[in-house]
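Asks: Structure incoming, see below.
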Amino acid sequence: MNYPTQPNCITVGCSMLADYHSLYCSAECVQRHAEESLKLLAEEKKKRMGSKSTVSSSKSVTSPTSSLLGPVPWNSYPAPVSSQTESTLPKEGIAVIERSTGRVIAGVAAPSQEEIFYWLQDHPSFEVLRPPSG
Ligand SMILES: [Zn+2]
């Protein structure tokens, strides 16, 4: 088994060898990885948020629950966020992982959606921590 010591570029569809101390073969692949991961994360979020919104077109149109408690102090409606939230991703950073060491950077310390591409170029041993499929 002649296993190459140099791993392949992790970007899907790329079979090039990665750079030394990098997971990617090129800056292009860093960008592709970042974009694909952001897409995945956005889709994952949508899935999670949309999982409970299947309560449409019920036969009894008049909802009786509203008069039960009167004015509800807790606002059950989602706040209008159209002006600020352009992205589907949370404001906290994109979680990244360095597989060789198991280091994970998440939360506020993690790079933001806008920074992730440049951040990965500076830290090419990291990759975006993707949601588990399924
Ligand atoms: Zn590549």
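We name chains A, B, ... following the order of the structure tokens; residues begin at 1 in each chain, and ligands are numbered from 1 as shown.
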Which residues, written as a short mmCIF file (atom, residue, chain, number, x, y, z; two decimals) with C-alpha atoms, in the first residue's frame, have at least one atom at most 12 Å from Glu115 (chain A), with only C-alpha atoms counted and residues fewer than 5 positions away on the same chain left out?
Replies:
```cif
data_model
loop_
_atom_site.label_atom_id
_atom_site.label_comp_id
_atom_site.auth_asym_id
_atom_site.auth_seq_id
_atom_site.Cartn_x
_atom_site.Cartn_y
_atom_site.Cartn_z
CA GLN A 31 -13.45 29.39 -1.43
CA ALA A 34 -16.36 27.75 2.30
CA GLU A 35 -19.22 28.40 -0.09
CA LEU A 38 -22.16 27.87 4.08
CA GLU A 92 -22.17 33.90 15.77
CA GLY A 93 -19.26 32.62 13.76
CA ILE A 94 -18.99 29.65 11.51
CA ALA A 95 -17.67 26.75 13.54
CA ALA A 109 -14.36 33.24 18.50
CA ALA A 110 -15.16 31.66 15.17
CA LEU A 120 -9.53 29.72 6.05
CA GLN A 121 -6.82 31.04 3.80
CA ASP A 122 -4.94 32.15 6.89
CA HIS A 123 -5.70 28.89 8.64
#
```
Asks: Would you give me, as CSV, each residue of chain A having an atom within 10 Å of an atom of ligand 1, along with its shortest atom pair and that distance in Å to one decimal, using only C-alpha atoms and all ligand atoms and sorting by chain and residue number?
Replies:
```
residue,atom,partner,partner_atom_place_in_ligand_line,distance
A:Asn8,CA,ligand 1,1 (Zn),7.6
A:Cys9,CA,ligand 1,1 (Zn),4.6
A:Ile10,CA,ligand 1,1 (Zn),6.7
A:Thr11,CA,ligand 1,1 (Zn),5.5
A:Val12,CA,ligand 1,1 (Zn),8.0
A:Gly13,CA,ligand 1,1 (Zn),7.9
A:Cys14,CA,ligand 1,1 (Zn),4.7
A:Ser15,CA,ligand 1,1 (Zn),6.5
A:Met16,CA,ligand 1,1 (Zn),5.3
A:Leu17,CA,ligand 1,1 (Zn),7.2
A:Ala18,CA,ligand 1,1 (Zn),6.7
A:Asp19,CA,ligand 1,1 (Zn),9.1
A:Leu23,CA,ligand 1,1 (Zn),8.4
A:Tyr24,CA,ligand 1,1 (Zn),5.2
A:Cys25,CA,ligand 1,1 (Zn),4.2
A:Ser26,CA,ligand 1,1 (Zn),5.7
A:Ala27,CA,ligand 1,1 (Zn),8.2
A:Glu28,CA,ligand 1,1 (Zn),7.3
A:Cys29,CA,ligand 1,1 (Zn),4.6
A:Val30,CA,ligand 1,1 (Zn),7.6
A:Gln31,CA,ligand 1,1 (Zn),9.8
A:Arg32,CA,ligand 1,1 (Zn),8.7
A:His33,CA,ligand 1,1 (Zn),8.9
```
Asks: Calculate how many Å separate CA of Thr101 (chain A) from CA of Ala42 (chain A), rounding to one decimal.
Replies: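 So the two atoms, CA of Thr101 (chain A) and CA of Ala42 (chain A), lie 26.5 Å apart.
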Asks: Which is closer to Val128 (chain A) than all the others in A:Gly50, A:Glu36, A:Gly102, A:Gly107, using only C-alpha atoms?
Replies: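 With only C-alpha atoms as the atom set, the closest residue is A:Glu36.
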Asks: Interatomic distance between CA of Tyr118 (chain A) and CA of Glu43 (chain A)?
Replies: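 Between these atoms lies a distance of 22.4 Å.
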Asks: If you measure from CA of Arg103 (chain A) to CA of Lys39 (chain A), what distance in Å do you get, rounded to one decimal?
Replies: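 Interatomic distance, CA of Arg103 (chain A) to CA of Lys39 (chain A): 22.7 Å.
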